[in-house]
Number of protein chains: 2
Amino acid sequence: MSQAPVRRLRRPSGGRDQLLETAVTEFIARGYDATSMEDLSRAAGITKSSFYHHFAGKEALLRAALERAVDGLFGVLSAPAAQEGSPSQRLRAIVAAQVRVLMTELPYVTLLLRVRGNTETERWALERRRAFDASISALVREARDAGEVRADVDPALAARLLSGLVNSIVEWYRPGRPGTASLPDDVVRAAFTGIVPAPPDHQGEPA
Amino acid sequence: MSQAPVRRLRRPSGGRDQLLETAVTEFIARGYDATSMEDLSRAAGITKSSFYHHFAGKEALLRAALERAVDGLFGVLSAPAAQEGSPSQRLRAIVAAQVRVLMTELPYVTLLLRVRGNTETERWALERRRAFDASISALVREARDAGEVRADVDPALAARLLSGLVNSIVEWYRPGRPGTASLPDDVVRAAFTGIVPAPPDHQGEPA
(Lines give C-alpha, C1' and ligand atoms only; values in the text may rest on other atoms or scores of the structure.)
Protein backbone atom coordinates (compact mmCIF):
# COMPACT_ATOMS: atom_id res chain seq x y z
CA MET A 1 0.00 0.00 0.00
CA SER A 2 1.37 3.42 -0.61
CA GLN A 3 2.05 6.27 1.70
CA ALA A 4 -0.07 8.88 3.47
CA PRO A 5 -1.49 11.65 1.38
CA VAL A 6 0.44 14.77 2.21
CA ARG A 7 -0.66 18.17 1.02
CA ARG A 8 0.91 18.87 -2.36
CA LEU A 9 3.23 21.78 -2.11
CA ARG A 10 3.15 24.44 -4.77
CA ARG A 11 4.98 23.68 -8.00
CA PRO A 12 8.54 24.89 -7.46
CA SER A 13 10.29 27.19 -9.85
CA GLY A 14 13.50 25.20 -9.64
CA GLY A 15 15.51 26.50 -6.68
CA ARG A 16 17.37 23.97 -4.59
CA ASP A 17 14.97 24.21 -1.62
CA GLN A 18 11.95 23.87 -3.83
CA LEU A 19 13.40 20.86 -5.64
CA LEU A 20 14.02 19.29 -2.26
CA GLU A 21 10.43 19.96 -1.24
CA THR A 22 9.17 18.38 -4.45
CA ALA A 23 11.39 15.35 -3.94
CA VAL A 24 10.22 14.84 -0.36
CA THR A 25 6.59 15.08 -1.43
CA GLU A 26 7.21 12.42 -4.09
CA PHE A 27 9.17 10.17 -1.71
CA ILE A 28 6.29 10.29 0.76
CA ALA A 29 3.64 9.70 -1.89
CA ARG A 30 5.39 6.86 -3.79
CA GLY A 31 7.99 5.59 -1.35
CA TYR A 32 11.69 6.32 -1.76
CA ASP A 33 12.58 3.05 -3.51
CA ALA A 34 9.80 3.42 -6.06
CA THR A 35 10.71 7.01 -7.01
CA SER A 36 13.16 7.61 -9.88
CA MET A 37 15.05 10.77 -10.82
CA GLU A 38 12.80 10.65 -13.89
CA ASP A 39 9.73 10.88 -11.64
CA LEU A 40 11.31 13.73 -9.68
CA SER A 41 12.21 15.73 -12.78
CA ARG A 42 8.69 15.31 -14.10
CA ALA A 43 7.18 16.39 -10.76
CA ALA A 44 9.47 19.43 -10.66
CA GLY A 45 8.79 20.30 -14.29
CA ILE A 46 12.49 20.47 -15.18
CA THR A 47 14.92 18.26 -17.08
CA LYS A 48 16.84 15.51 -15.36
CA SER A 49 20.12 17.29 -16.05
CA SER A 50 18.84 20.47 -14.39
CA PHE A 51 17.93 18.37 -11.40
CA TYR A 52 21.41 16.81 -11.31
CA HIS A 53 22.83 20.33 -11.38
CA HIS A 54 21.45 20.77 -7.84
CA PHE A 55 21.69 17.26 -6.41
CA ALA A 56 24.11 14.45 -7.25
CA GLY A 57 21.28 11.93 -7.21
CA LYS A 58 18.41 10.40 -5.34
CA GLU A 59 20.37 9.51 -2.21
CA ALA A 60 21.79 13.05 -2.04
CA LEU A 61 18.19 14.30 -2.01
CA LEU A 62 17.26 11.87 0.71
CA ARG A 63 20.30 12.92 2.70
CA ALA A 64 19.49 16.63 2.36
CA ALA A 65 15.86 16.03 3.36
CA LEU A 66 16.74 13.90 6.37
CA GLU A 67 19.44 16.36 7.44
CA ARG A 68 16.82 19.07 7.48
CA ALA A 69 14.61 17.02 9.83
CA VAL A 70 17.54 15.90 12.00
CA ASP A 71 18.91 19.44 12.23
CA GLY A 72 15.46 20.63 13.29
CA LEU A 73 15.27 18.04 16.06
CA PHE A 74 18.80 18.59 17.35
CA GLY A 75 18.23 22.34 17.15
CA VAL A 76 15.54 21.74 19.77
CA LEU A 77 18.06 20.13 22.13
CA SER A 78 20.59 22.93 21.76
CA ALA A 79 18.10 25.82 22.00
CA PRO A 80 18.47 28.04 25.11
CA ALA A 81 15.13 26.83 26.56
CA ALA A 82 16.47 23.27 26.53
CA GLN A 83 19.50 24.34 28.57
CA GLU A 84 17.85 26.42 31.27
CA GLY A 85 15.86 25.56 34.37
CA SER A 86 15.18 22.26 36.07
CA PRO A 87 15.29 18.96 34.12
CA SER A 88 11.50 18.90 33.99
CA GLN A 89 11.33 22.49 32.71
CA ARG A 90 13.89 21.62 30.02
CA LEU A 91 11.91 18.52 29.08
CA ARG A 92 8.73 20.56 28.72
CA ALA A 93 10.53 23.11 26.54
CA ILE A 94 11.94 20.31 24.38
CA VAL A 95 8.60 18.54 23.88
CA ALA A 96 6.90 21.81 22.90
CA ALA A 97 9.71 22.73 20.50
CA GLN A 98 9.74 19.21 19.02
CA VAL A 99 6.03 19.55 18.22
CA ARG A 100 6.70 22.95 16.63
CA VAL A 101 9.48 21.48 14.46
CA LEU A 102 7.15 18.70 13.42
CA MET A 103 4.48 21.23 12.44
CA THR A 104 6.81 23.50 10.49
CA GLU A 105 8.95 20.76 8.91
CA LEU A 106 6.11 18.28 8.47
CA PRO A 107 7.16 16.54 5.22
CA TYR A 108 10.81 16.28 6.29
CA VAL A 109 9.97 14.82 9.70
CA THR A 110 7.39 12.50 8.10
CA LEU A 111 10.12 11.17 5.82
CA LEU A 112 12.50 10.77 8.76
CA LEU A 113 9.91 8.74 10.66
CA ARG A 114 9.53 6.34 7.72
CA VAL A 115 13.23 5.56 7.40
CA ARG A 116 13.98 1.87 7.94
CA GLY A 117 17.72 1.63 7.40
CA ASN A 118 18.10 0.25 3.87
CA THR A 119 20.87 2.63 2.79
CA GLU A 120 23.83 4.28 4.48
CA THR A 121 21.91 7.55 4.63
CA GLU A 122 18.93 5.88 6.25
CA ARG A 123 21.12 4.14 8.80
CA TRP A 124 22.71 7.49 9.61
CA ALA A 125 19.25 9.00 10.14
CA LEU A 126 18.18 6.10 12.36
CA GLU A 127 21.33 6.55 14.40
CA ARG A 128 20.51 10.26 14.86
CA ARG A 129 16.94 9.41 15.92
CA ARG A 130 18.32 6.97 18.49
CA ALA A 131 20.73 9.63 19.77
CA PHE A 132 17.85 12.08 20.12
CA ASP A 133 15.76 9.52 22.03
CA ALA A 134 18.74 8.73 24.26
CA SER A 135 19.00 12.42 25.19
CA ILE A 136 15.31 12.46 26.10
CA SER A 137 15.67 9.28 28.11
CA ALA A 138 18.65 10.77 30.00
CA LEU A 139 16.69 13.94 30.72
CA VAL A 140 13.70 11.94 32.02
CA ARG A 141 16.09 10.08 34.33
CA GLU A 142 17.52 13.41 35.52
CA ALA A 143 14.03 14.76 36.20
CA ARG A 144 13.13 11.59 38.08
CA ASP A 145 16.32 11.70 40.15
CA ALA A 146 15.55 15.35 40.97
CA GLY A 147 12.15 14.25 42.31
CA GLU A 148 10.27 16.11 39.56
CA VAL A 149 8.94 12.96 37.91
CA ARG A 150 7.33 10.05 39.74
CA ALA A 151 9.91 7.56 41.01
CA ASP A 152 8.29 4.55 39.30
CA VAL A 153 8.66 6.01 35.79
CA ASP A 154 11.03 3.99 33.58
CA PRO A 155 13.02 6.62 31.63
CA ALA A 156 13.55 4.39 28.56
CA LEU A 157 9.86 3.51 28.27
CA ALA A 158 8.88 7.12 28.96
CA ALA A 159 11.19 8.30 26.17
CA ARG A 160 9.61 5.78 23.75
CA LEU A 161 6.07 6.79 24.70
CA LEU A 162 6.92 10.50 24.49
CA SER A 163 8.40 10.01 21.07
CA GLY A 164 5.36 7.96 20.02
CA LEU A 165 2.96 10.62 21.30
CA VAL A 166 4.77 13.51 19.61
CA ASN A 167 5.48 11.74 16.33
CA SER A 168 1.96 10.39 15.94
CA ILE A 169 0.90 13.92 15.09
CA VAL A 170 2.31 13.57 11.56
CA GLU A 171 -0.53 11.11 10.88
CA TRP A 172 -3.23 13.77 11.09
CA TYR A 173 -1.75 17.26 11.51
CA ARG A 174 -1.86 19.38 8.36
CA PRO A 175 -0.72 23.02 8.15
CA GLY A 176 -3.55 25.44 8.75
CA ARG A 177 -5.75 22.84 10.42
CA PRO A 178 -8.09 24.77 12.74
CA GLY A 179 -7.51 24.48 16.48
CA THR A 180 -3.91 23.33 16.21
CA ALA A 181 -2.16 26.56 17.27
CA SER A 182 -2.15 25.29 20.85
CA LEU A 183 -0.87 21.83 19.84
CA PRO A 184 2.64 22.25 21.33
CA ASP A 185 1.14 23.16 24.72
CA ASP A 186 -1.57 20.50 24.43
CA VAL A 187 1.03 17.79 23.85
CA VAL A 188 3.17 19.01 26.77
CA ARG A 189 0.11 18.90 29.03
CA ALA A 190 -0.80 15.42 27.78
CA ALA A 191 2.75 14.19 28.40
CA PHE A 192 3.03 15.62 31.91
CA THR A 193 -0.49 15.27 33.30
CA GLY A 194 -2.21 12.77 31.01
CA ILE A 195 -4.17 12.74 27.78
CA VAL A 196 -7.36 12.15 29.78
CA PRO A 197 -6.46 13.45 33.26
CA ALA A 198 -8.89 13.38 36.16
CA PRO A 199 -9.85 16.81 37.56
CA PRO A 200 -7.73 17.88 40.56
CA ASP A 201 -10.62 17.33 42.97
CA HIS A 202 -11.75 14.00 41.52
CA GLN A 203 -12.29 11.34 44.20
CA GLY A 204 -12.75 8.42 41.84
CA GLU A 205 -10.55 5.46 41.09
CA PRO A 206 -6.82 5.71 41.79
CA ALA A 207 -4.53 7.37 39.29
CA MET B 1 12.34 3.29 1.59
CA SER B 2 10.90 0.00 2.65
CA GLN B 3 9.00 -1.03 5.69
CA ALA B 4 9.94 -1.84 9.30
CA PRO B 5 11.63 -5.13 9.95
CA VAL B 6 9.11 -7.42 11.58
CA ARG B 7 10.12 -10.67 13.14
CA ARG B 8 9.93 -13.43 10.54
CA LEU B 9 7.33 -15.93 11.52
CA ARG B 10 8.04 -19.60 11.17
CA ARG B 11 7.72 -21.09 7.72
CA PRO B 12 4.10 -22.14 7.39
CA SER B 13 3.07 -25.62 6.41
CA GLY B 14 0.32 -24.31 4.16
CA GLY B 15 -2.80 -23.88 6.31
CA ARG B 16 -4.95 -20.83 5.63
CA ASP B 17 -3.89 -19.00 8.80
CA GLN B 18 -0.24 -19.64 8.16
CA LEU B 19 -0.50 -18.46 4.55
CA LEU B 20 -2.14 -15.31 5.84
CA GLU B 21 0.67 -14.79 8.34
CA THR B 22 3.25 -15.25 5.58
CA ALA B 23 1.42 -12.78 3.34
CA VAL B 24 1.19 -10.13 6.06
CA THR B 25 4.91 -10.48 6.81
CA GLU B 26 5.67 -9.98 3.11
CA PHE B 27 3.26 -7.05 2.78
CA ILE B 28 4.96 -5.33 5.72
CA ALA B 29 8.48 -6.05 4.46
CA ARG B 30 7.94 -5.13 0.78
CA GLY B 31 4.81 -2.99 0.81
CA TYR B 32 1.47 -4.30 -0.44
CA ASP B 33 1.73 -2.79 -3.92
CA ALA B 34 5.19 -4.21 -4.51
CA THR B 35 4.25 -7.76 -3.46
CA SER B 36 3.03 -10.22 -6.11
CA MET B 37 1.24 -13.56 -5.67
CA GLU B 38 4.48 -14.98 -7.09
CA ASP B 39 6.42 -13.46 -4.17
CA LEU B 40 3.86 -14.79 -1.70
CA SER B 41 3.95 -18.33 -3.12
CA ARG B 42 7.72 -18.32 -2.98
CA ALA B 43 7.71 -17.06 0.62
CA ALA B 44 5.17 -19.73 1.59
CA GLY B 45 7.05 -22.45 -0.26
CA ILE B 46 3.98 -23.58 -2.20
CA THR B 47 2.75 -23.20 -5.78
CA LYS B 48 0.69 -20.24 -6.85
CA SER B 49 -2.27 -22.48 -7.56
CA SER B 50 -2.12 -23.93 -4.05
CA PHE B 51 -2.16 -20.37 -2.76
CA TYR B 52 -5.18 -19.53 -4.90
CA HIS B 53 -6.91 -22.57 -3.46
CA HIS B 54 -7.04 -20.69 -0.12
CA PHE B 55 -7.35 -17.06 -1.22
CA ALA B 56 -8.89 -15.59 -4.38
CA GLY B 57 -5.97 -13.19 -4.74
CA LYS B 58 -3.86 -10.50 -3.19
CA GLU B 59 -6.74 -8.22 -2.21
CA ALA B 60 -8.55 -11.15 -0.55
CA LEU B 61 -5.42 -11.69 1.55
CA LEU B 62 -5.27 -8.02 2.46
CA ARG B 63 -8.96 -8.10 3.36
CA ALA B 64 -8.55 -11.18 5.58
CA ALA B 65 -5.52 -9.65 7.31
CA LEU B 66 -7.19 -6.30 7.92
CA GLU B 67 -10.39 -8.01 9.11
CA ARG B 68 -8.36 -9.81 11.70
CA ALA B 69 -6.95 -6.52 13.02
CA VAL B 70 -10.30 -4.71 12.84
CA ASP B 71 -12.12 -7.62 14.54
CA GLY B 72 -9.51 -7.51 17.31
CA LEU B 73 -10.05 -3.80 17.86
CA PHE B 74 -13.83 -3.94 17.79
CA GLY B 75 -13.72 -6.99 20.04
CA VAL B 76 -12.17 -4.63 22.59
CA LEU B 77 -15.16 -2.30 22.40
CA SER B 78 -17.69 -5.09 22.82
CA ALA B 79 -15.88 -6.95 25.62
CA PRO B 80 -17.67 -6.95 29.00
CA ALA B 81 -14.99 -4.71 30.60
CA ALA B 82 -15.76 -2.05 28.00
CA GLN B 83 -19.44 -2.10 28.94
CA GLU B 84 -19.21 -1.99 32.72
CA GLY B 85 -18.42 0.75 35.21
CA SER B 86 -18.04 4.48 34.78
CA PRO B 87 -17.00 5.99 31.42
CA SER B 88 -13.47 6.45 32.73
CA GLN B 89 -13.27 2.84 33.94
CA ARG B 90 -14.49 1.64 30.55
CA LEU B 91 -11.93 3.84 28.81
CA ARG B 92 -9.13 2.39 30.93
CA ALA B 93 -10.28 -1.15 30.17
CA ILE B 94 -10.41 -0.34 26.45
CA VAL B 95 -6.94 1.21 26.32
CA ALA B 96 -5.42 -1.76 28.16
CA ALA B 97 -7.21 -4.26 25.91
CA GLN B 98 -6.23 -2.30 22.79
CA VAL B 99 -2.57 -2.55 23.79
CA ARG B 100 -3.03 -6.30 24.37
CA VAL B 101 -4.57 -6.74 20.90
CA LEU B 102 -1.69 -4.80 19.42
CA MET B 103 0.79 -7.07 21.20
CA THR B 104 -0.87 -10.36 20.21
CA GLU B 105 -1.89 -9.32 16.68
CA LEU B 106 1.19 -7.22 15.99
CA PRO B 107 1.68 -7.85 12.24
CA TYR B 108 -2.04 -7.49 11.48
CA VAL B 109 -2.36 -4.22 13.40
CA THR B 110 0.91 -2.95 11.87
CA LEU B 111 -0.57 -3.58 8.43
CA LEU B 112 -3.82 -1.85 9.42
CA LEU B 113 -1.90 1.23 10.58
CA ARG B 114 -0.14 1.49 7.20
CA VAL B 115 -3.31 1.46 5.14
CA ARG B 116 -3.72 4.64 3.10
CA GLY B 117 -6.92 4.05 1.16
CA ASN B 118 -5.75 3.06 -2.33
CA THR B 119 -8.19 0.16 -2.77
CA GLU B 120 -11.76 -0.56 -1.71
CA THR B 121 -10.48 -2.87 1.02
CA GLU B 122 -8.13 -0.19 2.33
CA ARG B 123 -10.90 2.39 2.33
CA TRP B 124 -13.10 -0.02 4.28
CA ALA B 125 -10.31 -0.49 6.82
CA LEU B 126 -9.79 3.27 7.15
CA GLU B 127 -13.51 3.71 7.72
CA ARG B 128 -13.40 1.10 10.50
CA ARG B 129 -10.42 2.85 12.11
CA ARG B 130 -12.34 6.12 12.03
CA ALA B 131 -15.39 4.43 13.58
CA PHE B 132 -13.18 3.03 16.36
CA ASP B 133 -11.65 6.46 17.03
CA ALA B 134 -15.14 8.02 17.06
CA SER B 135 -16.19 5.55 19.77
CA ILE B 136 -13.16 6.53 21.85
CA SER B 137 -13.85 10.21 21.31
CA ALA B 138 -17.49 9.73 22.41
CA LEU B 139 -16.37 7.87 25.52
CA VAL B 140 -13.87 10.62 26.43
CA ARG B 141 -16.71 13.14 26.12
CA GLU B 142 -18.88 10.99 28.36
CA ALA B 143 -16.09 10.73 30.95
CA ARG B 144 -15.57 14.49 30.81
CA ASP B 145 -19.29 15.20 31.16
CA ALA B 146 -19.36 12.84 34.16
CA GLY B 147 -16.61 14.94 35.78
CA GLU B 148 -14.08 12.10 35.59
CA VAL B 149 -11.85 13.85 33.07
CA ARG B 150 -10.69 17.45 33.29
CA ALA B 151 -13.20 19.84 31.77
CA ASP B 152 -10.70 21.47 29.40
CA VAL B 153 -9.90 18.21 27.58
CA ASP B 154 -10.98 18.24 23.93
CA PRO B 155 -12.40 14.75 23.29
CA ALA B 156 -11.46 14.68 19.59
CA LEU B 157 -7.85 15.69 20.27
CA ALA B 158 -7.66 13.32 23.24
CA ALA B 159 -8.87 10.44 21.03
CA ARG B 160 -6.20 11.26 18.44
CA LEU B 161 -3.44 11.47 21.03
CA LEU B 162 -4.62 8.25 22.73
CA SER B 163 -4.62 6.47 19.41
CA GLY B 164 -1.17 7.89 18.61
CA LEU B 165 0.22 6.81 21.98
CA VAL B 166 -1.18 3.27 21.75
CA ASN B 167 -0.37 2.69 18.09
CA SER B 168 3.19 4.00 18.36
CA ILE B 169 4.02 0.80 20.20
CA VAL B 170 4.12 -1.15 16.91
CA GLU B 171 7.28 0.80 16.07
CA TRP B 172 9.33 -0.88 18.79
CA TYR B 173 7.38 -3.62 20.57
CA ARG B 174 8.39 -7.14 19.56
CA PRO B 175 6.96 -10.33 21.11
CA GLY B 176 9.02 -11.56 24.03
CA ARG B 177 10.76 -8.23 24.54
CA PRO B 178 11.80 -8.11 28.21
CA GLY B 179 9.88 -5.79 30.51
CA THR B 180 6.82 -5.50 28.30
CA ALA B 181 4.42 -7.70 30.30
CA SER B 182 3.20 -4.60 32.12
CA LEU B 183 2.85 -2.57 28.92
CA PRO B 184 -0.98 -2.48 28.89
CA ASP B 185 -0.99 -1.05 32.43
CA ASP B 186 1.94 1.26 31.69
CA VAL B 187 0.10 2.77 28.73
CA VAL B 188 -3.10 3.22 30.74
CA ARG B 189 -1.14 5.02 33.46
CA ALA B 190 0.61 7.20 30.86
CA ALA B 191 -2.73 8.10 29.26
CA PHE B 192 -4.49 8.96 32.52
CA THR B 193 -1.74 10.51 34.64
CA GLY B 194 1.02 11.39 32.19
CA ILE B 195 4.04 9.78 30.57
CA VAL B 196 6.30 11.83 32.88
CA PRO B 197 3.99 12.70 35.80
CA ALA B 198 5.13 14.76 38.77
CA PRO B 199 5.06 12.93 42.12
CA PRO B 200 1.83 13.56 44.10
CA ASP B 201 3.63 15.79 46.60
CA HIS B 202 5.65 17.73 44.05
CA GLN B 203 5.46 21.51 44.63
CA GLY B 204 7.14 22.49 41.39
CA GLU B 205 5.78 24.16 38.29
CA PRO B 206 2.09 23.95 37.53
CA ALA B 207 0.67 20.84 35.90
# chains A, B, ... in the order shown; residues from 1 in each chain; ligands from 1
call {"tool": "closest_atom_pairs", "arguments": {"of": "chain B", "to": "chain A", "cutoff": "7 Å", "atoms": "only C-alpha atoms", "output": "tab-separated table"}}
result
residue	atom	partner	partner_atom	distance
B:Met1	CA	A:Tyr32	CA	4.6
B:Ser2	CA	A:Arg116	CA	6.4
B:Gln3	CA	A:Arg116	CA	6.2
B:Ala4	CA	A:Arg116	CA	5.7
B:Gly31	CA	A:Met1	CA	5.7
B:Tyr32	CA	A:Met1	CA	4.6
B:Asp33	CA	A:Met1	CA	5.1
B:Val115	CA	A:Met1	CA	6.3
B:Arg116	CA	A:Ala4	CA	5.6
B:Asn118	CA	A:Met1	CA	6.9
B:Glu148	CA	A:Ala198	CA	5.4
B:Val149	CA	A:Ala198	CA	4.3
B:Arg150	CA	A:Pro199	CA	4.4
B:Val153	CA	A:Val196	CA	6.9
B:Ala158	CA	A:Ile195	CA	5.8
B:Leu161	CA	A:Leu165	CA	6.5
B:Leu162	CA	A:Ile195	CA	6.8
B:Gly164	CA	A:Ser168	CA	4.8
B:Leu165	CA	A:Leu165	CA	4.7
B:Ser168	CA	A:Gly164	CA	4.8
B:Ala190	CA	A:Gly194	CA	6.2
B:Ala191	CA	A:Gly194	CA	5.0
B:Phe192	CA	A:Gly194	CA	4.7
B:Thr193	CA	A:Gly194	CA	4.3
B:Gly194	CA	A:Gly194	CA	3.7
B:Ile195	CA	A:Ala191	CA	5.1
B:Val196	CA	A:Phe192	CA	5.1
B:Pro197	CA	A:Phe192	CA	5.0
B:Ala198	CA	A:Val149	CA	4.3
B:Pro199	CA	A:Arg150	CA	4.4
B:His202	CA	A:Glu148	CA	6.6
B:Ala207	CA	A:Thr193	CA	6.3
call {"tool": "select_by_dssp", "arguments": {"residues": "stretch 35-72 of chain A", "states": "helix (DSSP H, G or I)", "output": "short mmCIF file (atom, residue, chain, number, x, y, z; two decimals) with N, CA, C and O atoms, in the first residue's frame"}}
result
data_model
loop_
_atom_site.label_atom_id
_atom_site.label_comp_id
_atom_site.auth_asym_id
_atom_site.auth_seq_id
_atom_site.Cartn_x
_atom_site.Cartn_y
_atom_site.Cartn_z
N MET A 37 14.69 9.38 -10.50
CA MET A 37 15.05 10.77 -10.82
C MET A 37 14.15 11.27 -11.96
O MET A 37 13.84 12.46 -12.03
N GLU A 38 13.76 10.36 -12.82
CA GLU A 38 12.80 10.65 -13.89
C GLU A 38 11.48 11.20 -13.29
O GLU A 38 10.97 12.23 -13.71
N ASP A 39 10.96 10.46 -12.31
CA ASP A 39 9.73 10.88 -11.64
C ASP A 39 9.90 12.27 -11.02
O ASP A 39 9.02 13.12 -11.10
N LEU A 40 11.07 12.47 -10.39
CA LEU A 40 11.31 13.73 -9.68
C LEU A 40 11.40 14.90 -10.66
O LEU A 40 10.85 15.98 -10.41
N SER A 41 12.09 14.67 -11.78
CA SER A 41 12.21 15.73 -12.78
C SER A 41 10.84 16.10 -13.32
O SER A 41 10.51 17.27 -13.48
N ARG A 42 10.04 15.06 -13.58
CA ARG A 42 8.69 15.31 -14.10
C ARG A 42 7.89 16.11 -13.07
O ARG A 42 7.22 17.09 -13.42
N ALA A 43 7.94 15.69 -11.80
CA ALA A 43 7.18 16.39 -10.76
C ALA A 43 7.63 17.85 -10.62
O ALA A 43 6.83 18.73 -10.33
N ALA A 44 8.93 18.08 -10.82
CA ALA A 44 9.47 19.43 -10.66
C ALA A 44 9.29 20.26 -11.94
O ALA A 44 9.47 21.48 -11.92
N LYS A 48 16.04 16.28 -16.30
CA LYS A 48 16.84 15.51 -15.36
C LYS A 48 18.20 16.17 -15.15
O LYS A 48 18.71 16.22 -14.03
N SER A 49 18.78 16.72 -16.22
CA SER A 49 20.12 17.29 -16.05
C SER A 49 20.08 18.57 -15.21
O SER A 49 20.99 18.85 -14.45
N SER A 50 18.97 19.33 -15.30
CA SER A 50 18.84 20.47 -14.39
C SER A 50 18.76 20.00 -12.95
O SER A 50 19.31 20.63 -12.04
N PHE A 51 18.05 18.90 -12.77
CA PHE A 51 17.93 18.37 -11.40
C PHE A 51 19.31 17.96 -10.88
O PHE A 51 19.71 18.29 -9.77
N TYR A 52 20.07 17.25 -11.72
CA TYR A 52 21.41 16.81 -11.31
C TYR A 52 22.36 17.98 -11.07
O TYR A 52 23.37 17.84 -10.40
N HIS A 53 22.03 19.14 -11.64
CA HIS A 53 22.83 20.33 -11.38
C HIS A 53 22.77 20.69 -9.89
O HIS A 53 23.74 21.19 -9.31
N HIS A 54 21.62 20.42 -9.25
CA HIS A 54 21.45 20.77 -7.84
C HIS A 54 21.78 19.64 -6.89
O HIS A 54 22.24 19.86 -5.78
N LYS A 58 19.54 10.64 -6.22
CA LYS A 58 18.41 10.40 -5.34
C LYS A 58 18.85 10.34 -3.87
O LYS A 58 18.21 10.92 -3.00
N GLU A 59 19.95 9.64 -3.62
CA GLU A 59 20.37 9.51 -2.21
C GLU A 59 20.83 10.85 -1.64
O GLU A 59 20.65 11.11 -0.46
N ALA A 60 21.40 11.71 -2.51
CA ALA A 60 21.79 13.05 -2.04
C ALA A 60 20.54 13.84 -1.63
O ALA A 60 20.56 14.61 -0.66
N LEU A 61 19.45 13.64 -2.36
CA LEU A 61 18.19 14.30 -2.01
C LEU A 61 17.67 13.79 -0.68
O LEU A 61 17.23 14.56 0.18
N LEU A 62 17.72 12.47 -0.54
CA LEU A 62 17.26 11.87 0.71
C LEU A 62 18.09 12.40 1.87
O LEU A 62 17.56 12.78 2.92
N ARG A 63 19.39 12.44 1.66
CA ARG A 63 20.30 12.92 2.70
C ARG A 63 19.96 14.37 3.10
O ARG A 63 19.85 14.69 4.27
N ALA A 64 19.79 15.22 2.08
CA ALA A 64 19.49 16.63 2.36
C ALA A 64 18.16 16.76 3.11
O ALA A 64 18.03 17.56 4.05
N ALA A 65 17.18 15.96 2.72
CA ALA A 65 15.86 16.03 3.36
C ALA A 65 15.95 15.55 4.80
O ALA A 65 15.40 16.18 5.71
N LEU A 66 16.64 14.44 5.02
CA LEU A 66 16.74 13.90 6.37
C LEU A 66 17.59 14.79 7.26
O LEU A 66 17.31 14.96 8.45
N GLU A 67 18.62 15.41 6.67
CA GLU A 67 19.44 16.36 7.44
C GLU A 67 18.58 17.52 7.93
O GLU A 67 18.76 18.00 9.06
N ARG A 68 17.68 17.96 7.08
CA ARG A 68 16.82 19.07 7.48
C ARG A 68 15.98 18.69 8.70
O ARG A 68 15.86 19.47 9.66
N ALA A 69 15.42 17.48 8.69
CA ALA A 69 14.61 17.02 9.83
C ALA A 69 15.49 16.82 11.07
O ALA A 69 15.14 17.26 12.17
N VAL A 70 16.63 16.18 10.88
CA VAL A 70 17.54 15.90 12.00
C VAL A 70 18.06 17.21 12.60
O VAL A 70 18.10 17.38 13.82
N ASP A 71 18.44 18.15 11.73
CA ASP A 71 18.91 19.44 12.23
C ASP A 71 17.82 20.14 13.03
O ASP A 71 18.10 20.76 14.06
N GLY A 72 16.59 20.04 12.57
CA GLY A 72 15.46 20.63 13.29
C GLY A 72 15.34 20.03 14.69
O GLY A 72 15.21 20.75 15.68
#
call {"tool": "residues_around", "arguments": {"residues": "A:Ala181", "least_positions_apart": "6", "cutoff": "12 Å", "atoms": "only C-alpha atoms", "output": "ChimeraX atom specification"}}
result
/A:96,99-100,103-104,173-175,187
call {"tool": "residues_around", "arguments": {"residues": "A:Val76", "least_positions_apart": "6", "cutoff": "9 Å", "atoms": "only C-alpha atoms", "output": "PyMOL selection string"}}
result
chain A and resi 82+93-95+97-98+101
